[in-house]
$ cat final_14.cif   # mmCIF, C-alpha atoms and all ligand atoms
data_input
loop_
_atom_site.label_atom_id
_atom_site.label_comp_id
_atom_site.auth_asym_id
_atom_site.auth_seq_id
_atom_site.Cartn_x
_atom_site.Cartn_y
_atom_site.Cartn_z
CA MET Q 14 117.23 -60.67 289.57
CA ALA Q 15 119.87 -59.37 287.15
CA ASN Q 16 117.14 -58.39 284.64
CA LEU Q 17 115.15 -56.57 287.30
CA ILE Q 18 118.14 -54.43 288.25
CA LYS Q 19 118.67 -53.60 284.57
CA PHE Q 20 115.04 -52.61 284.24
CA LEU Q 21 115.17 -50.31 287.25
CA ASN Q 22 118.40 -48.63 286.20
CA PRO Q 23 117.63 -45.52 284.11
CA GLU Q 24 121.00 -45.87 282.39
CA THR Q 25 119.84 -48.77 280.23
CA THR Q 26 118.76 -49.11 276.62
CA LYS Q 27 115.48 -50.66 277.77
CA HIS Q 28 114.70 -47.65 279.91
CA ALA Q 29 115.65 -45.25 277.11
CA LEU Q 30 113.32 -47.05 274.69
CA ASP Q 31 110.41 -47.34 277.11
CA LYS Q 32 110.44 -43.92 278.75
CA LYS Q 33 108.52 -42.07 276.03
CA VAL Q 34 105.04 -41.44 277.37
CA THR Q 35 102.55 -38.98 275.91
CA ILE Q 36 99.87 -37.59 278.20
CA ASP Q 37 97.33 -35.45 276.38
CA PHE Q 38 93.68 -34.77 275.72
CA PRO Q 39 91.97 -36.84 273.02
CA ARG Q 40 92.70 -35.76 269.44
CA GLY Q 41 89.47 -33.84 269.59
CA TYR Q 42 87.38 -34.68 266.57
CA PRO Q 43 84.75 -37.42 266.82
CA GLY Q 44 85.87 -40.28 264.59
CA MET Q 45 84.04 -43.14 262.92
CA SER Q 46 86.62 -45.53 264.35
CA GLY Q 47 85.39 -44.70 267.87
CA ALA Q 48 81.67 -44.64 267.11
CA GLY Q 49 81.30 -48.30 268.00
CA GLU Q 50 82.31 -47.68 271.63
CA GLU Q 51 79.60 -49.41 273.63
CA CYS Q 52 79.58 -47.01 276.58
CA LEU Q 53 77.81 -43.77 275.66
CA ARG Q 54 78.89 -42.22 278.95
CA LYS Q 55 82.52 -42.86 278.04
CA ARG Q 56 81.99 -41.25 274.63
CA GLN Q 57 80.56 -38.18 276.41
CA TYR Q 58 83.54 -37.93 278.75
CA GLU Q 59 85.85 -38.07 275.76
CA HIS Q 60 83.82 -35.56 273.75
CA HIS Q 61 83.91 -33.08 276.63
CA PHE Q 62 87.65 -33.57 277.34
CA CYS Q 63 87.00 -34.72 280.90
CA GLU Q 64 90.35 -36.47 281.31
CA LYS Q 65 93.72 -36.71 279.58
CA GLY Q 66 94.86 -40.07 278.29
CA GLU Q 67 98.25 -41.74 278.29
CA ILE Q 68 100.00 -43.39 275.37
CA ASN Q 69 103.14 -45.24 276.34
CA ALA Q 70 106.04 -46.40 274.19
CA ARG Q 71 104.70 -49.94 273.92
CA THR Q 72 101.32 -48.76 272.62
CA GLN Q 73 103.02 -46.54 270.05
CA ARG Q 74 105.07 -49.56 268.95
CA ILE Q 75 101.92 -51.64 268.54
CA PHE Q 76 100.51 -48.95 266.18
CA SER Q 77 103.75 -48.96 264.18
CA VAL Q 78 103.76 -52.75 263.89
CA GLY Q 79 100.16 -52.55 262.64
CA HIS Q 80 101.25 -50.15 259.87
CA LEU Q 81 104.08 -52.49 258.84
CA PHE Q 82 101.69 -55.42 258.47
CA GLU Q 83 99.25 -53.23 256.52
CA ASN Q 84 102.01 -52.24 254.07
CA ILE Q 85 102.91 -55.88 253.48
CA LEU Q 86 99.28 -56.80 252.81
CA ASN Q 87 98.71 -53.78 250.54
CA ASN Q 88 101.73 -54.81 248.45
CA GLU Q 89 100.43 -58.38 248.20
CA LEU Q 90 97.03 -57.16 247.01
CA LYS Q 91 98.63 -54.89 244.42
CA GLU Q 92 100.80 -57.75 243.15
CA LEU Q 93 97.64 -59.77 242.57
CA GLY Q 94 96.48 -56.99 240.26
CA TYR Q 95 93.54 -55.70 242.31
CA GLU Q 96 92.77 -52.01 241.90
CA MET Q 97 93.64 -50.17 245.08
CA PHE Q 98 92.50 -46.61 245.57
CA GLY Q 99 94.45 -45.70 248.69
CA GLU Q 100 93.23 -44.26 251.96
CA GLN Q 101 90.75 -41.40 252.11
CA SER Q 102 90.91 -39.05 255.06
CA ASN Q 103 87.97 -36.80 254.35
CA LEU Q 104 85.01 -39.05 255.07
CA THR Q 105 82.19 -37.22 256.85
CA LEU Q 106 78.71 -37.91 258.21
CA LEU Q 107 76.22 -35.91 260.29
CA ASP Q 108 76.99 -32.64 258.45
CA GLY Q 109 80.71 -32.93 259.07
CA ARG Q 110 80.41 -33.65 262.77
CA LEU Q 111 81.60 -37.25 262.45
CA LEU Q 112 84.87 -37.79 260.59
CA GLY Q 113 86.75 -40.80 259.32
CA HIS Q 114 89.54 -42.06 257.18
CA ASN Q 115 89.62 -45.56 255.81
CA ASP Q 116 92.46 -47.88 254.83
CA GLY Q 117 91.42 -47.59 251.19
CA THR Q 118 89.10 -49.16 248.66
CA ILE Q 119 89.62 -52.17 246.44
CA ARG Q 120 88.12 -53.50 243.21
CA GLY Q 121 88.72 -56.71 241.28
CA ILE Q 122 88.55 -59.35 244.01
CA PRO Q 123 87.45 -62.76 242.65
CA GLU Q 124 84.26 -62.91 244.74
CA ALA Q 125 82.83 -59.76 243.05
CA PRO Q 126 85.26 -58.40 240.43
CA GLY Q 127 83.24 -55.32 239.46
CA THR Q 128 82.33 -54.14 242.94
CA ILE Q 129 84.28 -51.47 244.81
CA HIS Q 130 84.73 -52.48 248.45
CA VAL Q 131 85.79 -50.37 251.41
CA LEU Q 132 89.02 -52.01 252.58
CA GLU Q 133 89.54 -52.38 256.31
CA ILE Q 134 92.67 -54.02 257.69
CA LYS Q 135 93.22 -54.88 261.36
CA THR Q 136 96.14 -56.59 263.08
CA MET Q 137 95.36 -58.83 266.05
CA ASN Q 138 97.04 -61.07 268.58
CA ASP Q 139 96.45 -64.78 268.30
CA LYS Q 140 93.56 -64.99 270.78
CA SER Q 141 91.67 -62.09 269.26
CA PHE Q 142 92.27 -63.37 265.71
CA LYS Q 143 90.95 -66.84 266.53
CA ASP Q 144 87.84 -65.37 268.12
CA THR Q 145 87.20 -63.29 264.97
CA GLU Q 146 87.75 -66.34 262.79
CA LYS Q 147 85.31 -68.37 264.87
CA LYS Q 148 82.49 -65.84 265.32
CA GLY Q 149 82.88 -63.46 262.37
CA VAL Q 150 83.58 -59.74 262.60
CA ALA Q 151 80.05 -58.64 263.56
CA LYS Q 152 79.96 -60.78 266.71
CA SER Q 153 83.61 -60.78 267.65
CA LYS Q 154 84.48 -57.13 266.86
CA PRO Q 155 81.23 -55.12 266.63
CA GLY Q 156 83.21 -51.85 266.80
CA TYR Q 157 85.02 -52.71 263.57
CA MET Q 158 81.72 -53.66 261.95
CA ILE Q 159 80.28 -50.27 262.88
CA GLN Q 160 83.38 -48.50 261.57
CA MET Q 161 83.01 -50.23 258.17
CA GLN Q 162 79.28 -49.49 258.06
CA LEU Q 163 79.97 -45.79 258.56
CA TYR Q 164 82.67 -45.78 255.89
CA MET Q 165 80.26 -47.46 253.44
CA GLN Q 166 77.57 -44.93 254.26
CA SER Q 167 79.91 -41.99 253.84
CA MET Q 168 81.37 -43.29 250.56
CA LYS Q 169 78.00 -44.46 249.19
CA LEU Q 170 79.29 -48.03 248.81
CA ASP Q 171 77.49 -51.26 249.69
CA ARG Q 172 80.33 -53.67 250.42
CA ALA Q 173 83.44 -53.81 252.56
CA LEU Q 174 86.34 -56.25 252.62
CA PHE Q 175 87.56 -56.94 256.13
CA ILE Q 176 91.03 -58.46 256.51
CA ALA Q 177 92.38 -59.44 259.93
CA ILE Q 178 96.07 -60.25 260.27
CA ASN Q 179 97.32 -62.58 262.97
CA LYS Q 180 100.47 -60.95 264.34
CA ASN Q 181 101.67 -64.29 265.73
CA ASP Q 182 101.68 -66.38 262.55
CA CYS Q 183 100.86 -63.92 259.70
CA ASN Q 184 97.65 -65.78 258.86
CA TYR Q 185 94.78 -63.81 257.27
CA TYR Q 186 91.05 -63.93 258.01
CA ILE Q 187 88.95 -62.36 255.24
CA GLU Q 188 85.25 -61.53 255.25
CA ARG Q 189 83.01 -59.58 252.88
CA VAL Q 190 80.70 -57.28 254.78
CA TYR Q 191 77.31 -56.03 253.54
CA LYS Q 192 75.92 -52.62 254.28
CA ASP Q 193 73.27 -52.67 257.02
CA LYS Q 194 71.05 -49.59 257.25
CA ASN Q 195 69.75 -50.59 260.70
CA ILE Q 196 73.24 -50.60 262.21
CA ILE Q 197 74.04 -47.25 260.58
CA ASP Q 198 70.84 -45.53 261.77
CA GLU Q 199 71.28 -46.83 265.31
CA VAL Q 200 74.87 -45.71 265.69
CA LEU Q 201 74.24 -42.29 264.11
CA ASN Q 202 71.32 -41.68 266.48
CA LYS Q 203 73.48 -42.62 269.46
CA THR Q 204 76.24 -40.34 268.18
CA ILE Q 205 73.82 -37.41 267.99
CA ASP Q 206 72.90 -38.12 271.63
CA VAL Q 207 76.57 -38.01 272.59
CA PHE Q 208 77.01 -34.66 270.82
CA GLU Q 209 73.84 -33.01 272.08
CA SER Q 210 72.81 -34.48 275.43
CA LYS Q 211 72.95 -32.08 278.37
CA ILE Q 212 72.60 -34.95 280.83
CA LEU Q 213 74.82 -37.98 281.38
CA LEU Q 214 73.92 -40.92 279.15
CA THR Q 215 73.59 -44.55 280.17
CA ARG Q 216 76.60 -46.25 281.66
CA LEU Q 217 77.86 -49.49 280.17
CA SER Q 218 77.57 -51.03 283.63
CA GLU Q 219 76.44 -49.92 287.07
CA LYS Q 220 79.28 -51.94 288.60
CA ARG Q 221 82.70 -50.37 288.90
CA SER Q 222 84.12 -53.89 289.11
CA PHE Q 223 82.79 -54.80 285.63
CA TYR Q 224 85.89 -55.79 283.64
CA LYS Q 225 85.45 -53.16 280.92
CA CYS Q 226 84.96 -50.43 283.54
CA SER Q 227 88.06 -51.54 285.41
CA TRP Q 228 90.08 -50.78 282.23
CA CYS Q 229 88.31 -47.48 281.58
CA ASN Q 230 90.29 -44.24 281.77
CA TYR Q 231 87.19 -42.48 283.16
CA LYS Q 232 86.24 -44.87 285.97
CA ASP Q 233 87.11 -42.47 288.79
CA ILE Q 234 85.09 -39.69 287.16
CA CYS Q 235 82.24 -42.08 286.43
CA PHE Q 236 81.93 -43.88 289.75
CA ASP Q 237 83.76 -41.72 292.33
CA SER Q 238 82.81 -38.22 291.11
CA ALA Q 239 86.50 -37.41 290.60
CA PRO Q 240 87.02 -33.86 289.27
CA ILE Q 241 87.28 -33.37 285.53
CA GLU Q 242 89.71 -31.23 283.51
CA LYS Q 243 88.68 -27.60 283.07
CA THR Q 244 88.37 -26.84 279.36
CA CYS Q 245 85.87 -25.02 277.18
CA ARG Q 246 84.30 -28.32 276.26
CA SER Q 247 82.69 -28.70 279.67
CA CYS Q 248 81.44 -25.09 279.82
CA ILE Q 249 77.78 -24.23 279.31
CA ALA Q 250 78.77 -21.47 276.87
CA SER Q 251 80.32 -23.80 274.31
CA ASN Q 252 78.72 -25.65 271.42
CA PHE Q 253 80.19 -28.33 269.23
CA ILE Q 254 80.27 -27.22 265.59
CA LYS Q 255 82.21 -29.87 263.67
CA GLY Q 256 85.61 -31.54 263.49
CA ASN Q 257 87.76 -29.92 266.15
CA THR Q 258 85.80 -26.67 266.17
CA TRP Q 259 83.60 -25.52 269.05
CA HIS Q 260 81.89 -22.15 269.41
CA CYS Q 261 81.72 -19.95 272.51
CA TRP Q 262 78.57 -17.84 272.59
CA LYS Q 263 79.86 -15.70 275.47
CA ASN Q 264 83.03 -14.59 273.69
CA LYS Q 265 81.37 -14.96 270.29
CA GLU Q 266 84.23 -16.90 268.70
CA ASP Q 267 85.03 -20.25 267.17
CA MET Q 268 87.66 -22.18 269.10
CA ASP Q 269 90.19 -24.72 267.88
CA ARG Q 270 91.53 -27.49 270.12
CA ASP Q 271 94.32 -25.36 271.63
CA LYS Q 272 91.92 -22.56 272.46
CA GLN Q 273 89.49 -25.01 274.07
CA ILE Q 274 92.25 -26.41 276.28
CA GLU Q 275 93.45 -22.89 277.19
CA CYS Q 276 89.93 -22.09 278.48
CA CYS Q 277 89.03 -18.75 280.14
CA ASP Q 278 88.11 -17.37 283.58
CA GLU Q 279 84.41 -17.32 282.69
CA HIS Q 280 84.22 -21.13 282.65
CA GLN Q 281 80.85 -22.32 283.96
CA LEU Q 282 80.56 -26.05 284.40
CA MET Q 283 77.81 -27.96 282.59
CA GLU Q 284 75.11 -29.37 284.85
CA ALA Q 285 76.03 -32.91 283.82
CA PHE Q 286 79.42 -32.60 285.55
CA LYS Q 287 78.28 -30.65 288.66
CA ASN Q 288 78.91 -33.65 290.94
CA ASN Q 289 82.48 -33.85 289.74
CA GLY Q 290 83.64 -30.25 289.72
CA THR Q 291 86.88 -29.35 287.96
CA LYS Q 292 90.53 -29.88 288.88
S1 LIG S 1 83.71 -46.71 283.95
FE1 LIG S 1 82.38 -48.07 282.75
S2 LIG S 1 80.38 -47.08 282.74
FE2 LIG S 1 81.88 -45.55 283.36
S3 LIG S 1 82.50 -44.49 281.49
FE3 LIG S 1 83.94 -46.14 281.78
S4 LIG S 1 83.11 -47.91 280.64
FE4 LIG S 1 81.47 -46.40 280.90
#
$ encode --input "final_14.cif" --output "structure tokens" --more "lines below"
Ligand code: SF4
Amino acid sequence: MANLIKFLNPETTKHALDKKVTIDFPRGYPGMSGAGEECLRKRQYEHHFCEKGEINARTQRIFSVGHLFENILNNELKELGYEMFGEQSNLTLLDGRLLGHNDGTIRGIPEAPGTIHVLEIKTMNDKSFKDTEKKGVAKSKPGYMIQMQLYMQSMKLDRALFIAINKNDCNYYIERVYKDKNIIDEVLNKTIDVFESKILLTRLSEKRSFYKCSWCNYKDICFDSAPIEKTCRSCIASNFIKGNTWHCWKNKEDMDRDKQIECCDEHQLMEAFKNNGTK
């Protein structure tokens, strides 16, 4: 009971640490890290800025902890004498429409000393780590597999080194990943659909109660026709160019993210979102 009172009292350290919440639109540029999202409908909603998302203090902390673990591992790899080339933030595919930045590249590992590998590091909780260890990255974390495939394609490399870190006991799971042209072609074709489709793409599930849908930020828009945010990205006059840039053919101008969010009075909703309307 005492703890509960402390938690409810805004004059506590716990409250001060936990109160930071960011509510905003997605970052705006389509990234290789998100290309493995199974639900194409969800990717569309994100691409068209249909809803803002929330990042709370705990989530931000989880990201920070991930970076700490990555630094420790990077230092260990350097101490072993492997060549590390650092992260690259300018990876592109689909004529600059799909962007990425990797954790780095590595050369000199004992399994293939002369081969440069894309390096991908992920931190996981115990349950998730054990599942990855048991099934391998392709089956356990297909999104990470797709991310590495896209990095390899963009960097013209054929191998990746995947390292998962167990946050509970600091154990490592390591797997060499081979480039797979079939995976790359499939995900790039789906990504083009997300960018260009004028109609709504297939849902991951037709059941709102499906566990992945129940976690989805867009479930009310998807299943209950809840209204979407009004931005240039859902207007018939806008076209996606690349990165964060969209073009308005009515006003004849390129628009950055701020301009897209600002929107204008001429907004005309895309047919795909007619059942929802705007807020
Ligand atoms: S609610 Fe389910 S089907 Fe709809 S966008 Fe989200 S994940 Fe996809």
$ residues_near_ligand --input "final_14.cif" --ligand "ligand LIG 1 (chain S)" --cutoff "10 Å" --atoms "all atoms listed in the file" --output "NGL selection string"
:Q and (50-59 or 214-237)
$ write_last_selection --input "final_14.cif" --atoms "C-alpha atoms" --output "PDB file, in the coordinates of the input"
ATOM      1  CA  GLU Q  50      82.310 -47.680 271.630  1.00  0.00           C
ATOM      2  CA  GLU Q  51      79.600 -49.410 273.630  1.00  0.00           C
ATOM      3  CA  CYS Q  52      79.580 -47.010 276.580  1.00  0.00           C
ATOM      4  CA  LEU Q  53      77.810 -43.770 275.660  1.00  0.00           C
ATOM      5  CA  ARG Q  54      78.890 -42.220 278.950  1.00  0.00           C
ATOM      6  CA  LYS Q  55      82.520 -42.860 278.040  1.00  0.00           C
ATOM      7  CA  ARG Q  56      81.990 -41.250 274.630  1.00  0.00           C
ATOM      8  CA  GLN Q  57      80.560 -38.180 276.410  1.00  0.00           C
ATOM      9  CA  TYR Q  58      83.540 -37.930 278.750  1.00  0.00           C
ATOM     10  CA  GLU Q  59      85.850 -38.070 275.760  1.00  0.00           C
ATOM     11  CA  LEU Q 214      73.920 -40.920 279.150  1.00  0.00           C
ATOM     12  CA  THR Q 215      73.590 -44.550 280.170  1.00  0.00           C
ATOM     13  CA  ARG Q 216      76.600 -46.250 281.660  1.00  0.00           C
ATOM     14  CA  LEU Q 217      77.860 -49.490 280.170  1.00  0.00           C
ATOM     15  CA  SER Q 218      77.570 -51.030 283.630  1.00  0.00           C
ATOM     16  CA  GLU Q 219      76.440 -49.920 287.070  1.00  0.00           C
ATOM     17  CA  LYS Q 220      79.280 -51.940 288.600  1.00  0.00           C
ATOM     18  CA  ARG Q 221      82.700 -50.370 288.900  1.00  0.00           C
ATOM     19  CA  SER Q 222      84.120 -53.890 289.110  1.00  0.00           C
ATOM     20  CA  PHE Q 223      82.790 -54.800 285.630  1.00  0.00           C
ATOM     21  CA  TYR Q 224      85.890 -55.790 283.640  1.00  0.00           C
ATOM     22  CA  LYS Q 225      85.450 -53.160 280.920  1.00  0.00           C
ATOM     23  CA  CYS Q 226      84.960 -50.430 283.540  1.00  0.00           C
ATOM     24  CA  SER Q 227      88.060 -51.540 285.410  1.00  0.00           C
ATOM     25  CA  TRP Q 228      90.080 -50.780 282.230  1.00  0.00           C
ATOM     26  CA  CYS Q 229      88.310 -47.480 281.580  1.00  0.00           C
ATOM     27  CA  ASN Q 230      90.290 -44.240 281.770  1.00  0.00           C
ATOM     28  CA  TYR Q 231      87.190 -42.480 283.160  1.00  0.00           C
ATOM     29  CA  LYS Q 232      86.240 -44.870 285.970  1.00  0.00           C
ATOM     30  CA  ASP Q 233      87.110 -42.470 288.790  1.00  0.00           C
ATOM     31  CA  ILE Q 234      85.090 -39.690 287.160  1.00  0.00           C
ATOM     32  CA  CYS Q 235      82.240 -42.080 286.430  1.00  0.00           C
ATOM     33  CA  PHE Q 236      81.930 -43.880 289.750  1.00  0.00           C
ATOM     34  CA  ASP Q 237      83.760 -41.720 292.330  1.00  0.00           C
TER      35      ASP Q 237
END
$ closest_residue --input "final_14.cif" --among "Q:Phe38, Q:Asn181, Q:Thr105, Q:Ala250" --to "Glu284 of chain Q" --atoms "all atoms listed in the file"
Q:Ala250
$ residues_around --input "final_14.cif" --residues "Gly79 of chain Q" --least-positions-apart "3" --cutoff "10 Å" --atoms "only C-alpha atoms" --output "ChimeraX atom specification"
/Q:73-76,82-84,134-137,178,180
$ closest_residue --input "final_14.cif" --among "Q:Ile122, Q:Gly290, Q:Tyr164, Q:Asp269" --to "Tyr191 of chain Q" --atoms "only C-alpha atoms"
Q:Tyr164
$ residues_near_point --input "final_14.cif" --point "(90.6, -61.0, 242.5)" --cutoff "12 Å" --atoms "only C-alpha atoms" --output "number ranges by chain"
Q: 89-97, 119-130, 174
$ residues_around --input "final_14.cif" --residues "Asp37 of chain Q" --least-positions-apart "6" --cutoff "9 Å" --atoms "only C-alpha atoms" --output "PyMOL selection string"
chain Q and resi 64-68
$ closest_residue --input "final_14.cif" --among "Q:His28, Q:Lys143, Q:Lys287, Q:Arg71" --to "Asn184 of chain Q" --atoms "only C-alpha atoms"
Q:Lys143
$ residues_around --input "final_14.cif" --residues "Gly156 of chain Q" --least-positions-apart "5" --cutoff "10 Å" --atoms "all atoms listed in the file" --output "PyMOL selection string"
chain Q and resi 45-51+150-151+161-162
$ residues_around --input "final_14.cif" --residues "Gln101 of chain Q" --least-positions-apart "2" --cutoff "6 Å" --atoms "all atoms listed in the file" --output "ChimeraX atom specification"
/Q:103,114-115
$ write_last_selection --input "final_14.cif" --atoms "C-alpha atoms" --output "mmCIF file, keeping the file's coordinate frame"
data_model
loop_
_atom_site.group_PDB
_atom_site.id
_atom_site.type_symbol
_atom_site.label_atom_id
_atom_site.label_comp_id
_atom_site.auth_asym_id
_atom_site.auth_seq_id
_atom_site.Cartn_x
_atom_site.Cartn_y
_atom_site.Cartn_z
ATOM 1 C CA ASN Q 103 87.970 -36.800 254.350
ATOM 2 C CA HIS Q 114 89.540 -42.060 257.180
ATOM 3 C CA ASN Q 115 89.620 -45.560 255.810
#
$ closest_residue --input "final_14.cif" --among "Q:Met168, Q:Ile85, Q:Ile187, Q:Leu213" --to "Thr145 of chain Q" --atoms "all atoms listed in the file"
Q:Ile187
$ residues_around --input "final_14.cif" --residues "His260 of chain Q" --least-positions-apart "4" --cutoff "10 Å" --atoms "only C-alpha atoms" --output "PDB file with C-alpha atoms, keeping the file's coordinate frame"
ATOM      1  CA  CYS Q 245      85.870 -25.020 277.180  1.00  0.00           C
ATOM      2  CA  ARG Q 246      84.300 -28.320 276.260  1.00  0.00           C
ATOM      3  CA  ALA Q 250      78.770 -21.470 276.870  1.00  0.00           C
ATOM      4  CA  SER Q 251      80.320 -23.800 274.310  1.00  0.00           C
ATOM      5  CA  ASN Q 252      78.720 -25.650 271.420  1.00  0.00           C
ATOM      6  CA  PHE Q 253      80.190 -28.330 269.230  1.00  0.00           C
ATOM      7  CA  ILE Q 254      80.270 -27.220 265.590  1.00  0.00           C
ATOM      8  CA  LYS Q 255      82.210 -29.870 263.670  1.00  0.00           C
ATOM      9  CA  ASN Q 264      83.030 -14.590 273.690  1.00  0.00           C
ATOM     10  CA  LYS Q 265      81.370 -14.960 270.290  1.00  0.00           C
ATOM     11  CA  GLU Q 266      84.230 -16.900 268.700  1.00  0.00           C
ATOM     12  CA  ASP Q 267      85.030 -20.250 267.170  1.00  0.00           C
ATOM     13  CA  MET Q 268      87.660 -22.180 269.100  1.00  0.00           C
ATOM     14  CA  ASP Q 269      90.190 -24.720 267.880  1.00  0.00           C
ATOM     15  CA  GLN Q 273      89.490 -25.010 274.070  1.00  0.00           C
TER      16      GLN Q 273
END
$ closest_residue --input "final_14.cif" --among "Q:Trp262, Q:Ser167, Q:Leu107, Q:Tyr186" --to "Lys148 of chain Q" --atoms "all atoms listed in the file"
Q:Tyr186
$ axis_aligned_box --input "final_14.cif" --around "segment 149-159 of chain Q" --padding-each-side "4 Å" --output "lines of an AutoDock Vina configuration file"
center_x = 82.5
center_y = -56.9
center_z = 264.8
size_x = 13.1
size_y = 21.2
size_z = 13.7
$ atom_distance --input "final_14.cif" --atom1 "atom CA of Ala70 of chain Q" --atom2 "atom CA of Ile274 of chain Q"
24.4 Å
$ atom_distance --input "final_14.cif" --atom1 "atom CA of His60 of chain Q" --atom2 "atom CA of Leu201 of chain Q"
15.2 Å
$ atom_distance --input "final_14.cif" --atom1 "atom CA of Val131 of chain Q" --atom2 "atom CA of Leu81 of chain Q"
19.9 Å
$ closest_residue --input "final_14.cif" --among "Q:Glu279, Q:Leu106, Q:Thr291, Q:Cys261" --to "Val200 of chain Q" --atoms "all atoms listed in the file"
Q:Leu106
$ residues_near_point --input "final_14.cif" --point "(103.7, -38.9, 274.3)" --cutoff "7 Å" --atoms "all atoms listed in the file" --output "PyMOL selection string"
chain Q and resi 33-36+68-69
$ decode --input "final_14.cif" --residues "segment 131-187 of chain Q" --atoms "C-alpha atoms" --output "PDB file, in the first residue's frame"
ATOM      1  CA  VAL Q 131      27.450  -6.380 -41.914  1.00  0.00           C
ATOM      2  CA  LEU Q 132      27.343  -6.257 -38.111  1.00  0.00           C
ATOM      3  CA  GLU Q 133      23.944  -6.299 -36.453  1.00  0.00           C
ATOM      4  CA  ILE Q 134      23.609  -6.225 -32.678  1.00  0.00           C
ATOM      5  CA  LYS Q 135      20.330  -6.689 -30.788  1.00  0.00           C
ATOM      6  CA  THR Q 136      19.626  -6.774 -27.065  1.00  0.00           C
ATOM      7  CA  MET Q 137      16.864  -9.078 -25.849  1.00  0.00           C
ATOM      8  CA  ASN Q 138      15.137 -10.218 -22.697  1.00  0.00           C
ATOM      9  CA  ASP Q 139      15.721 -13.769 -21.556  1.00  0.00           C
ATOM     10  CA  LYS Q 140      12.640 -15.302 -23.198  1.00  0.00           C
ATOM     11  CA  SER Q 141      13.264 -13.672 -26.550  1.00  0.00           C
ATOM     12  CA  PHE Q 142      16.982 -14.551 -26.449  1.00  0.00           C
ATOM     13  CA  LYS Q 143      16.298 -18.224 -25.729  1.00  0.00           C
ATOM     14  CA  ASP Q 144      13.809 -18.404 -28.577  1.00  0.00           C
ATOM     15  CA  THR Q 145      16.409 -16.914 -30.964  1.00  0.00           C
ATOM     16  CA  GLU Q 146      19.029 -19.353 -29.698  1.00  0.00           C
ATOM     17  CA  LYS Q 147      16.669 -22.280 -30.238  1.00  0.00           C
ATOM     18  CA  LYS Q 148      15.212 -21.398 -33.649  1.00  0.00           C
ATOM     19  CA  GLY Q 149      17.841 -19.151 -35.252  1.00  0.00           C
ATOM     20  CA  VAL Q 150      17.331 -15.552 -36.308  1.00  0.00           C
ATOM     21  CA  ALA Q 151      15.389 -16.261 -39.527  1.00  0.00           C
ATOM     22  CA  LYS Q 152      12.611 -18.158 -37.730  1.00  0.00           C
ATOM     23  CA  SER Q 153      12.626 -16.396 -34.390  1.00  0.00           C
ATOM     24  CA  LYS Q 154      13.139 -12.783 -35.563  1.00  0.00           C
ATOM     25  CA  PRO Q 155      12.292 -12.570 -39.290  1.00  0.00           C
ATOM     26  CA  GLY Q 156      12.221  -8.760 -39.092  1.00  0.00           C
ATOM     27  CA  TYR Q 157      15.884  -8.676 -38.070  1.00  0.00           C
ATOM     28  CA  MET Q 158      16.727 -11.112 -40.867  1.00  0.00           C
ATOM     29  CA  ILE Q 159      15.052  -8.807 -43.388  1.00  0.00           C
ATOM     30  CA  GLN Q 160      16.861  -5.784 -41.960  1.00  0.00           C
ATOM     31  CA  MET Q 161      20.245  -7.514 -42.427  1.00  0.00           C
ATOM     32  CA  GLN Q 162      19.325  -8.652 -45.938  1.00  0.00           C
ATOM     33  CA  LEU Q 163      18.553  -5.064 -46.926  1.00  0.00           C
ATOM     34  CA  TYR Q 164      21.789  -3.790 -45.405  1.00  0.00           C
ATOM     35  CA  MET Q 165      23.748  -6.443 -47.338  1.00  0.00           C
ATOM     36  CA  GLN Q 166      21.974  -5.505 -50.548  1.00  0.00           C
ATOM     37  CA  SER Q 167      22.591  -1.806 -50.050  1.00  0.00           C
ATOM     38  CA  MET Q 168      26.270  -2.284 -49.138  1.00  0.00           C
ATOM     39  CA  LYS Q 169      26.886  -4.935 -51.822  1.00  0.00           C
ATOM     40  CA  LEU Q 170      28.030  -7.457 -49.190  1.00  0.00           C
ATOM     41  CA  ASP Q 171      27.133 -11.147 -48.970  1.00  0.00           C
ATOM     42  CA  ARG Q 172      27.446 -11.894 -45.257  1.00  0.00           C
ATOM     43  CA  ALA Q 173      26.191 -10.513 -41.977  1.00  0.00           C
ATOM     44  CA  LEU Q 174      27.165 -11.263 -38.399  1.00  0.00           C
ATOM     45  CA  PHE Q 175      24.189 -11.253 -36.062  1.00  0.00           C
ATOM     46  CA  ILE Q 176      24.887 -10.920 -32.341  1.00  0.00           C
ATOM     47  CA  ALA Q 177      22.063 -11.110 -29.792  1.00  0.00           C
ATOM     48  CA  ILE Q 178      22.764 -10.045 -26.217  1.00  0.00           C
ATOM     49  CA  ASN Q 179      20.778 -11.468 -23.328  1.00  0.00           C
ATOM     50  CA  LYS Q 180      20.046  -8.518 -21.046  1.00  0.00           C
ATOM     51  CA  ASN Q 181      19.432 -10.860 -18.106  1.00  0.00           C
ATOM     52  CA  ASP Q 182      22.754 -12.729 -18.023  1.00  0.00           C
ATOM     53  CA  CYS Q 183      24.971 -10.987 -20.646  1.00  0.00           C
ATOM     54  CA  ASN Q 184      25.205 -14.161 -22.735  1.00  0.00           C
ATOM     55  CA  TYR Q 185      25.771 -13.824 -26.501  1.00  0.00           C
ATOM     56  CA  TYR Q 186      24.141 -15.706 -29.376  1.00  0.00           C
ATOM     57  CA  ILE Q 187      26.073 -15.360 -32.647  1.00  0.00           C
TER      58      ILE Q 187
END
